[in-house]
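Asker: coords33.cif is reproduced in full below (mmCIF, C-alpha atoms and all ligand atoms).
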data_data
loop_
_atom_site.label_atom_id
_atom_site.label_comp_id
_atom_site.auth_asym_id
_atom_site.auth_seq_id
_atom_site.Cartn_x
_atom_site.Cartn_y
_atom_site.Cartn_z
CA MET X 257 21.24 0.65 -14.47
CA HIS X 258 18.27 2.87 -13.80
CA LEU X 259 17.63 6.11 -15.64
CA GLU X 260 14.96 8.66 -15.02
CA LEU X 261 13.70 11.58 -17.09
CA ALA X 262 11.51 14.39 -15.81
CA THR X 263 8.33 14.77 -17.84
CA GLN X 264 6.61 18.10 -18.34
CA ASP X 265 4.26 17.52 -15.45
CA GLY X 266 7.28 16.98 -13.24
CA HIS X 267 6.68 13.26 -12.83
CA ARG X 268 9.52 10.86 -13.30
CA LYS X 269 9.52 8.71 -16.37
CA ASP X 270 11.45 5.49 -16.21
CA VAL X 271 13.47 4.80 -19.28
CA GLY X 272 15.18 1.75 -17.83
CA LYS X 273 13.54 -0.65 -15.43
CA ASP X 274 14.84 -0.66 -11.88
CA THR X 275 15.38 -4.35 -11.25
CA ARG X 276 16.36 -3.94 -7.61
CA SER X 277 13.84 -5.00 -4.98
CA PRO X 278 11.59 -2.05 -4.06
CA LEU X 279 11.40 -3.45 -0.55
CA GLU X 280 13.86 -5.79 1.06
CA ILE X 281 13.44 -6.69 4.71
CA ARG X 282 15.91 -8.65 6.81
CA GLY X 283 15.47 -9.91 10.36
CA LEU X 284 12.71 -7.42 11.18
CA THR X 285 11.41 -7.56 14.73
CA VAL X 286 8.87 -5.01 15.94
CA SER X 287 7.35 -4.91 19.39
CA TYR X 288 4.73 -2.61 20.88
CA GLY X 289 4.98 -4.25 24.29
CA GLU X 290 6.43 -7.51 25.50
CA LYS X 291 5.07 -9.72 22.73
CA PRO X 292 6.54 -9.02 19.29
CA ALA X 293 4.10 -7.98 16.55
CA LEU X 294 6.71 -9.11 13.99
CA PHE X 295 9.49 -11.55 14.70
CA SER X 296 12.62 -11.87 12.58
CA VAL X 297 10.81 -11.32 9.28
CA ASP X 298 12.65 -11.62 5.97
CA ALA X 299 10.97 -10.49 2.76
CA THR X 300 12.09 -9.60 -0.74
CA PHE X 301 9.31 -7.99 -2.76
CA GLU X 302 9.55 -8.30 -6.53
CA PRO X 303 9.70 -5.15 -8.66
CA GLY X 304 6.80 -4.66 -11.06
CA ALA X 305 4.58 -7.20 -9.28
CA MET X 306 1.35 -6.99 -7.32
CA THR X 307 1.80 -8.72 -3.98
CA ALA X 308 -0.87 -9.41 -1.36
CA ILE X 309 0.16 -9.52 2.28
CA ILE X 310 -2.19 -11.98 3.93
CA GLY X 311 -2.50 -13.54 7.36
CA PRO X 312 -4.96 -13.74 10.27
CA ASN X 313 -6.06 -10.78 12.43
CA GLY X 314 -3.20 -9.44 14.50
CA ALA X 315 -0.60 -11.21 12.32
CA GLY X 316 1.42 -8.01 11.92
CA LYS X 317 0.41 -7.09 8.36
CA SER X 318 -0.20 -3.39 9.03
CA THR X 319 2.88 -3.29 11.23
CA LEU X 320 4.96 -4.62 8.35
CA LEU X 321 3.81 -1.74 6.10
CA LYS X 322 4.34 0.81 8.86
CA ALA X 323 7.86 -0.46 9.50
CA ALA X 324 8.53 -0.33 5.75
CA LEU X 325 7.55 3.34 5.83
CA GLY X 326 9.53 4.14 8.94
CA ILE X 327 6.33 4.93 10.87
CA VAL X 328 7.11 2.34 13.54
CA LYS X 329 10.60 1.76 14.82
CA PRO X 330 11.86 -1.81 14.73
CA VAL X 331 13.63 -3.48 17.64
CA SER X 332 16.02 -4.93 15.09
CA GLY X 333 16.31 -5.58 11.38
CA ARG X 334 17.20 -3.86 8.16
CA ILE X 335 14.98 -2.39 5.47
CA ARG X 336 16.27 -1.42 2.04
CA SER X 337 14.40 0.05 -0.89
CA TYR X 338 15.81 -0.18 -4.41
CA GLY X 339 19.18 -1.03 -2.92
CA LYS X 340 19.33 2.03 -0.66
CA SER X 341 18.25 3.07 2.79
CA LEU X 342 14.61 3.86 3.40
CA SER X 343 15.28 7.53 4.04
CA ALA X 344 17.02 7.86 0.66
CA GLN X 345 14.06 6.31 -1.17
CA ARG X 346 11.09 7.50 0.88
CA HIS X 347 9.95 9.81 -1.94
CA ARG X 348 9.55 6.78 -4.23
CA ILE X 349 7.09 5.14 -1.84
CA ALA X 350 3.39 6.06 -1.66
CA TYR X 351 1.15 4.90 1.14
CA VAL X 352 -2.61 4.48 1.28
CA PRO X 353 -3.42 3.97 4.99
CA GLN X 354 -6.24 1.93 6.41
CA ARG X 355 -9.38 4.05 6.08
CA ALA X 356 -10.26 3.46 9.73
CA SER X 357 -6.98 5.06 10.83
CA VAL X 358 -7.70 8.43 9.20
CA ASP X 359 -9.49 11.31 10.94
CA TRP X 360 -12.19 12.09 8.37
CA ASP X 361 -13.63 14.96 10.43
CA PHE X 362 -10.54 17.02 9.69
CA PRO X 363 -11.81 19.92 7.53
CA THR X 364 -10.04 19.35 4.20
CA ARG X 365 -11.18 19.57 0.61
CA VAL X 366 -10.73 16.57 -1.68
CA LEU X 367 -8.46 18.61 -3.96
CA ASP X 368 -6.21 19.56 -1.03
CA VAL X 369 -5.82 15.92 -0.01
CA VAL X 370 -4.62 15.08 -3.52
CA LEU X 371 -2.32 18.12 -3.62
CA MET X 372 -0.61 16.72 -0.50
CA GLY X 373 0.73 14.00 -2.79
CA LEU X 374 2.64 16.72 -4.65
CA TYR X 375 4.50 17.90 -1.55
CA ARG X 376 7.90 17.46 -3.17
CA GLN X 377 6.99 19.56 -6.18
CA LEU X 378 5.22 22.23 -4.15
CA GLY X 379 8.31 22.84 -2.06
CA LEU X 380 8.55 24.68 1.23
CA LEU X 381 6.28 27.56 0.25
CA GLY X 382 3.64 25.17 -0.96
CA ARG X 383 2.66 27.50 -3.80
CA VAL X 384 0.08 25.73 -5.94
CA ARG X 385 0.44 26.54 -9.62
CA PRO X 386 -1.91 25.67 -12.51
CA LYS X 387 0.27 22.68 -13.45
CA HIS X 388 -0.16 21.25 -9.93
CA LEU X 389 -3.92 21.65 -10.14
CA GLU X 390 -3.84 19.92 -13.50
CA ILE X 391 -1.95 16.93 -12.10
CA ALA X 392 -4.23 16.71 -9.06
CA MET X 393 -7.35 16.85 -11.25
CA SER X 394 -5.99 14.22 -13.63
CA CYS X 395 -5.30 11.91 -10.65
CA LEU X 396 -8.85 12.46 -9.40
CA ALA X 397 -10.10 11.61 -12.89
CA ARG X 398 -8.11 8.35 -12.86
CA VAL X 399 -10.13 7.23 -9.83
CA GLY X 400 -13.42 8.65 -11.15
CA MET X 401 -13.59 11.46 -8.55
CA GLU X 402 -13.01 14.58 -10.66
CA GLY X 403 -16.51 15.84 -9.86
CA PHE X 404 -15.77 15.92 -6.11
CA ALA X 405 -12.71 18.22 -5.97
CA ASP X 406 -14.40 20.87 -3.81
CA ARG X 407 -16.12 18.52 -1.40
CA GLN X 408 -15.01 18.08 2.21
CA ILE X 409 -13.50 14.61 2.68
CA GLY X 410 -15.76 13.98 5.69
CA GLN X 411 -18.78 14.21 3.40
CA LEU X 412 -17.72 11.33 1.19
CA SER X 413 -18.70 7.68 1.34
CA GLY X 414 -16.11 5.12 2.42
CA GLY X 415 -15.46 4.05 -1.15
CA GLN X 416 -15.08 7.66 -2.32
CA GLN X 417 -12.64 8.41 0.52
CA GLN X 418 -10.56 5.41 -0.47
CA ARG X 419 -10.47 6.60 -4.10
CA VAL X 420 -9.30 10.07 -2.98
CA PHE X 421 -6.46 8.59 -0.97
CA LEU X 422 -5.47 6.52 -3.97
CA ALA X 423 -5.50 9.71 -6.08
CA ARG X 424 -3.14 11.32 -3.54
CA ALA X 425 -0.77 8.36 -3.90
CA LEU X 426 -0.97 8.66 -7.71
CA ALA X 427 -0.12 12.37 -7.54
CA GLN X 428 3.09 11.48 -5.74
CA GLY X 429 4.25 9.64 -8.87
CA ALA X 430 5.84 6.95 -6.70
CA ASP X 431 7.38 3.68 -7.85
CA LEU X 432 6.23 1.58 -4.90
CA TYR X 433 2.63 1.67 -3.65
CA LEU X 434 1.86 0.32 -0.18
CA LEU X 435 -1.84 -0.06 0.55
CA ASP X 436 -3.41 -1.17 3.82
CA GLU X 437 -6.65 -3.01 3.11
CA PRO X 438 -7.68 -0.85 0.14
CA PHE X 439 -10.93 -2.76 -0.36
CA ALA X 440 -12.13 -2.76 3.25
CA GLY X 441 -15.65 -1.33 3.49
CA VAL X 442 -15.85 -0.18 -0.13
CA ASP X 443 -18.63 -0.94 -2.61
CA ALA X 444 -18.16 -3.36 -5.50
CA ALA X 445 -17.82 -0.56 -8.09
CA THR X 446 -15.04 1.09 -6.08
CA GLU X 447 -13.25 -2.22 -5.62
CA LYS X 448 -13.32 -2.71 -9.41
CA ALA X 449 -12.12 0.85 -10.02
CA ILE X 450 -9.27 0.51 -7.51
CA ILE X 451 -8.06 -2.81 -8.88
CA ALA X 452 -8.10 -1.34 -12.42
CA VAL X 453 -5.91 1.56 -11.28
CA LEU X 454 -3.52 -0.80 -9.49
CA LYS X 455 -3.25 -3.07 -12.53
CA ALA X 456 -2.54 -0.03 -14.71
CA LEU X 457 0.27 0.95 -12.32
CA LYS X 458 1.70 -2.53 -12.68
CA GLU X 459 1.55 -2.20 -16.47
CA GLN X 460 3.73 0.90 -16.06
CA GLY X 461 6.28 -1.19 -14.16
CA LYS X 462 5.28 0.07 -10.70
CA THR X 463 5.20 -2.20 -7.68
CA VAL X 464 2.04 -2.70 -5.64
CA ILE X 465 1.97 -4.28 -2.19
CA ALA X 466 -1.39 -4.48 -0.42
CA VAL X 467 -2.59 -5.90 2.85
CA HIS X 468 -5.56 -7.96 1.74
CA HIS X 469 -8.25 -9.90 3.59
CA ASP X 470 -10.43 -11.44 0.92
CA LEU X 471 -8.71 -14.73 0.13
CA ALA X 472 -11.24 -15.47 -2.64
CA THR X 473 -9.94 -12.64 -4.83
CA VAL X 474 -6.21 -13.22 -4.30
CA PRO X 475 -5.66 -15.24 -7.52
CA ASP X 476 -7.59 -12.69 -9.63
CA TYR X 477 -5.99 -9.59 -8.20
CA PHE X 478 -2.42 -10.51 -7.32
CA ASP X 479 0.69 -12.13 -8.83
CA ARG X 480 2.34 -12.98 -5.56
CA VAL X 481 1.55 -13.46 -1.88
CA PHE X 482 3.44 -12.87 1.31
CA ILE X 483 1.87 -14.93 4.08
CA ILE X 484 2.57 -13.87 7.62
CA ASN X 485 1.66 -14.76 11.17
CA THR X 486 4.09 -12.70 13.28
CA SER X 487 6.84 -14.58 11.44
CA ARG X 488 6.98 -15.20 7.73
CA VAL X 489 5.04 -18.29 6.63
CA ALA X 490 5.58 -18.19 2.86
CA GLU X 491 6.38 -15.85 0.01
CA GLY X 492 6.15 -16.42 -3.74
CA PRO X 493 3.97 -16.53 -6.86
CA VAL X 494 0.29 -17.22 -6.15
CA ALA X 495 0.50 -20.67 -7.80
CA GLU X 496 3.29 -21.74 -5.42
CA ALA X 497 2.68 -19.93 -2.16
CA PHE X 498 -1.11 -19.49 -2.03
CA VAL X 499 -1.67 -23.17 -1.27
CA PRO X 500 -3.61 -24.96 1.50
CA GLU X 501 -0.45 -26.07 3.33
CA TYR X 502 0.79 -22.50 3.95
CA LEU X 503 -2.69 -21.06 4.48
CA GLN X 504 -3.38 -23.72 7.09
CA GLU X 505 -0.06 -22.93 8.76
CA ALA X 506 -0.90 -19.22 8.95
CA TYR X 507 -4.61 -19.33 9.73
CA GLY X 508 -4.85 -22.69 11.50
CA GLY X 509 -8.45 -23.41 12.52
CA ARG X 510 -9.32 -19.86 11.47
CA LEU X 511 -8.94 -20.71 7.79
CA ALA X 512 -12.57 -21.78 7.39
CA THR X 513 -13.70 -18.51 8.97
CA ALA X 514 -11.35 -16.45 6.82
CA GLN X 515 -12.66 -18.15 3.67
CA MET X 516 -16.25 -17.71 4.74
CA GLY X 517 -15.54 -14.05 5.39
CA ALA X 518 -13.99 -13.80 1.97
CA ALA X 519 -16.93 -15.46 0.28
CA GLY X 520 -19.48 -13.36 2.18
N1 LIG N 601 -0.09 0.93 18.32
C1 LIG N 601 -0.11 -0.28 18.87
N2 LIG N 601 0.10 -0.45 20.19
C2 LIG N 601 0.09 -1.68 20.77
N3 LIG N 601 -0.10 -2.82 20.10
C3 LIG N 601 -0.32 -2.72 18.78
C4 LIG N 601 -0.33 -1.47 18.10
N4 LIG N 601 -0.56 -1.69 16.78
C5 LIG N 601 -0.69 -3.02 16.66
N5 LIG N 601 -0.55 -3.65 17.84
C6 LIG N 601 -0.59 -5.11 18.07
O1 LIG N 601 0.38 -5.71 17.23
C7 LIG N 601 -0.13 -6.90 16.65
C8 LIG N 601 -0.10 -6.78 15.12
O2 LIG N 601 -1.02 -5.76 14.73
P1 LIG N 601 -1.26 -5.38 13.21
O3 LIG N 601 -2.28 -4.28 13.19
O4 LIG N 601 0.03 -5.15 12.56
O5 LIG N 601 -1.88 -6.73 12.65
P2 LIG N 601 -2.71 -7.00 11.32
O6 LIG N 601 -2.24 -8.29 10.77
O7 LIG N 601 -2.65 -5.82 10.42
O8 LIG N 601 -4.19 -7.17 11.92
P3 LIG N 601 -5.66 -7.00 11.25
O9 LIG N 601 -5.77 -8.02 10.16
O10 LIG N 601 -6.56 -7.33 12.41
O11 LIG N 601 -5.77 -5.59 10.78
C9 LIG N 601 -1.52 -7.11 17.24
O12 LIG N 601 -1.42 -7.98 18.32
C10 LIG N 601 -1.92 -5.71 17.68
O13 LIG N 601 -2.82 -5.79 18.75
#
Rewrite the structure from the file as structure tokens, please.
Ligand SMILES: Nc1ncnc2c1ncn2[C@@H]1O[C@H](COP(=O)(O)OP(=O)(O)OP(=O)(O)O)[C@@H](O)[C@H]1O
Answerer:
Amino acid sequence: MHLELATQDGHRKDVGKDTRSPLEIRGLTVSYGEKPALFSVDATFEPGAMTAIIGPNGAGKSTLLKAALGIVKPVSGRIRSYGKSLSAQRHRIAYVPQRASVDWDFPTRVLDVVLMGLYRQLGLLGRVRPKHLEIAMSCLARVGMEGFADRQIGQLSGGQQQRVFLARALAQGADLYLLDEPFAGVDAATEKAIIAVLKALKEQGKTVIAVHHDLATVPDYFDRVFIINTSRVAEGPVAEAFVPEYLQEAYGGRLATAQMGAAG
């Protein structure tokens, strides 16, 4: 059974762990044109774990996250979250999109981006109260960006932008965090800061699923991997699934390149 209490800041506090899979995918096929981007994918993500989604370029990793969020419509398949339909659980899922997919010229303050994470609490009128500002500022502090609240997002570095989007996800107080290449184009300090935040979320029993490219850091950062190349190749704990046999199957001759990319 799963119980939730509302804390003073309005965030949910879990008093009993939800042991149901935060994301369960069955027979998922997605197609943008004739060739499927995902074909008959099954996946059961473990609650409270950090899972890396890995696979070569064009393998369908981003598409898998987008389908899990209902952003792209599948041709067929079923997606459940914590035992219920996606629409019933959407509020429990936070998303940090690929940085390249965001329009950074849009005139928005850092603080406003983070406040977007509080959309459920702000309600239809969107009236921002002191408690909302407090939550937003504390989320910015968690990613080391409290000094940038009044800046325009377009004026930030890539690493700073990524931290702000993570702060927005934190403000949502979600249980499942989906991140699309959170370390792409960020500096080493930001990468360290982001991984620390993600590990802290895991300590709180949250689930983290991230599309990840750097194979060298998989064992340090993640508990589990989901390896994909249009279809599922392997899924499991790093020690069992992150092995040459499956990596070779997914990357083929591109494995050497992927590893070199990871090392460099
Ligand atoms: N909006 C779109 N319209 C048409 N084709 C698309 C679209 N988005 C993705 N695709 C295609 O679907 C396939 C899977 O793309 P996706 O971005 O999910 O892969 P990926 O594994 O995340 O790739 P990468 O590692 O290069 O980011 C690719 O062949 C891509 O070209």
Asker: What do you get as JSON, numbers by chain if you pick all residues at most 12 Å from ligand LIG 601 (chain N), counting all atoms listed in the file?
Answerer: {"X": [285, 286, 287, 288, 289, 290, 291, 292, 293, 294, 295, 309, 310, 311, 312, 313, 314, 315, 316, 317, 318, 319, 320, 321, 322, 323, 324, 327, 328, 329, 353, 354, 355, 356, 357, 435, 436, 437, 438, 440, 466, 467, 468, 469, 470, 482, 483, 484, 485, 486, 487, 488, 506, 507, 514]}
Asker: Return the single residue from X:Gly410, X:Gly333, X:Gly326, X:Pro493 that is closest to X:Val474, with distances computed using only C-alpha atoms.
Answerer: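 Checking each candidate against X:Val474, we get X:Pro493 as the closest.
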Asker: List the spatial neighbours of X:Leu374 as JSON, numbers by chain - criterion: any atom at most 12 Å away, only C-alpha atoms, same-chain residues fewer than 5 positions off excluded.
Answerer: {"X": [265, 266, 267, 347, 350, 367, 368, 369, 379, 380, 382, 383, 384, 385, 387, 388, 389, 390, 391, 392, 393, 395, 423, 424, 425, 426, 427, 428, 429, 430]}
Asker: Atom CA of X:Leu279 to atom CA of X:Met372: how many Å, to one decimal?
Answerer: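 Value for the atom CA of X:Leu279-atom CA of X:Met372 distance: 23.5 Å.
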Asker: So how far away is atom CA of X:Tyr433 from atom CA of X:Arg336, in Å?
Answerer: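 Computing it gives 15.1 Å between the two atoms.
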Asker: Near X:Gly492, within 12 Å and counting all atoms listed in the file, which residues show up once chain neighbours fewer than 3 positions away are dropped, as a CSV table (one decimal) with C-alpha atoms, keeping the file's coordinate frame?
Answerer:
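Heads up, here's the output in out-v9.csv:
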chain,number,residue,atom,x,y,z
X,299,ALA,CA,11.0,-10.5,2.8
X,300,THR,CA,12.1,-9.6,-0.7
X,301,PHE,CA,9.3,-8.0,-2.8
X,302,GLU,CA,9.6,-8.3,-6.5
X,305,ALA,CA,4.6,-7.2,-9.3
X,306,MET,CA,1.4,-7.0,-7.3
X,307,THR,CA,1.8,-8.7,-4.0
X,308,ALA,CA,-0.9,-9.4,-1.4
X,309,ILE,CA,0.2,-9.5,2.3
X,478,PHE,CA,-2.4,-10.5,-7.3
X,479,ASP,CA,0.7,-12.1,-8.8
X,480,ARG,CA,2.3,-13.0,-5.6
X,481,VAL,CA,1.6,-13.5,-1.9
X,482,PHE,CA,3.4,-12.9,1.3
X,483,ILE,CA,1.9,-14.9,4.1
X,488,ARG,CA,7.0,-15.2,7.7
X,489,VAL,CA,5.0,-18.3,6.6
X,495,ALA,CA,0.5,-20.7,-7.8
X,496,GLU,CA,3.3,-21.7,-5.4
X,497,ALA,CA,2.7,-19.9,-2.2
X,498,PHE,CA,-1.1,-19.5,-2.0
X,499,VAL,CA,-1.7,-23.2,-1.3
X,502,TYR,CA,0.8,-22.5,4.0
Asker: What's around X:Gly304 at 7 Å? Count all atoms listed in the file, leave out sequence neighbours fewer than 3 positions away in its own chain, and write the answer as a list in words.
Answerer: Lys458, Gly461, Lys462 and Thr463 of chain X
Asker: Record the distance separating atom CA of X:Glu501 and atom CA of X:Ser296, expressed in Å with one decimal.
Answerer: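 We find that atom CA of X:Glu501 and atom CA of X:Ser296 lie 21.4 Å from each other.
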Asker: Around all the atoms of stretch 375-386 of chain X listed in the file, draw an axis-aligned box and extend it by 5 Å on each of the six sides; I want its centre and edge lengths in Å to one decimal, as lines of an AutoDock Vina configuration file.
Answerer:
center_x = 3.3
center_y = 22.5
center_z = -5.6
size_x = 20.5
size_y = 20.1
size_z = 23.7
Asker: So which one's closest to X:Pro278, X:Glu459, X:Glu447, X:Asp298, X:Asp431? Using all atoms listed in the file, please.
Answerer: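 Smallest distance to X:Pro278 is found for X:Asp431.
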Asker: Can you work out which one of X:Ile349, X:Gly283, X:Ala445, X:Val331 has the shortest atom-to-atom distance to X:Val464, counting all atoms listed in the file?
Answerer: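 Checking each of X:Ile349, X:Gly283, X:Ala445, X:Val331 against X:Val464, counting all atoms listed in the file, the winner is X:Ile349.
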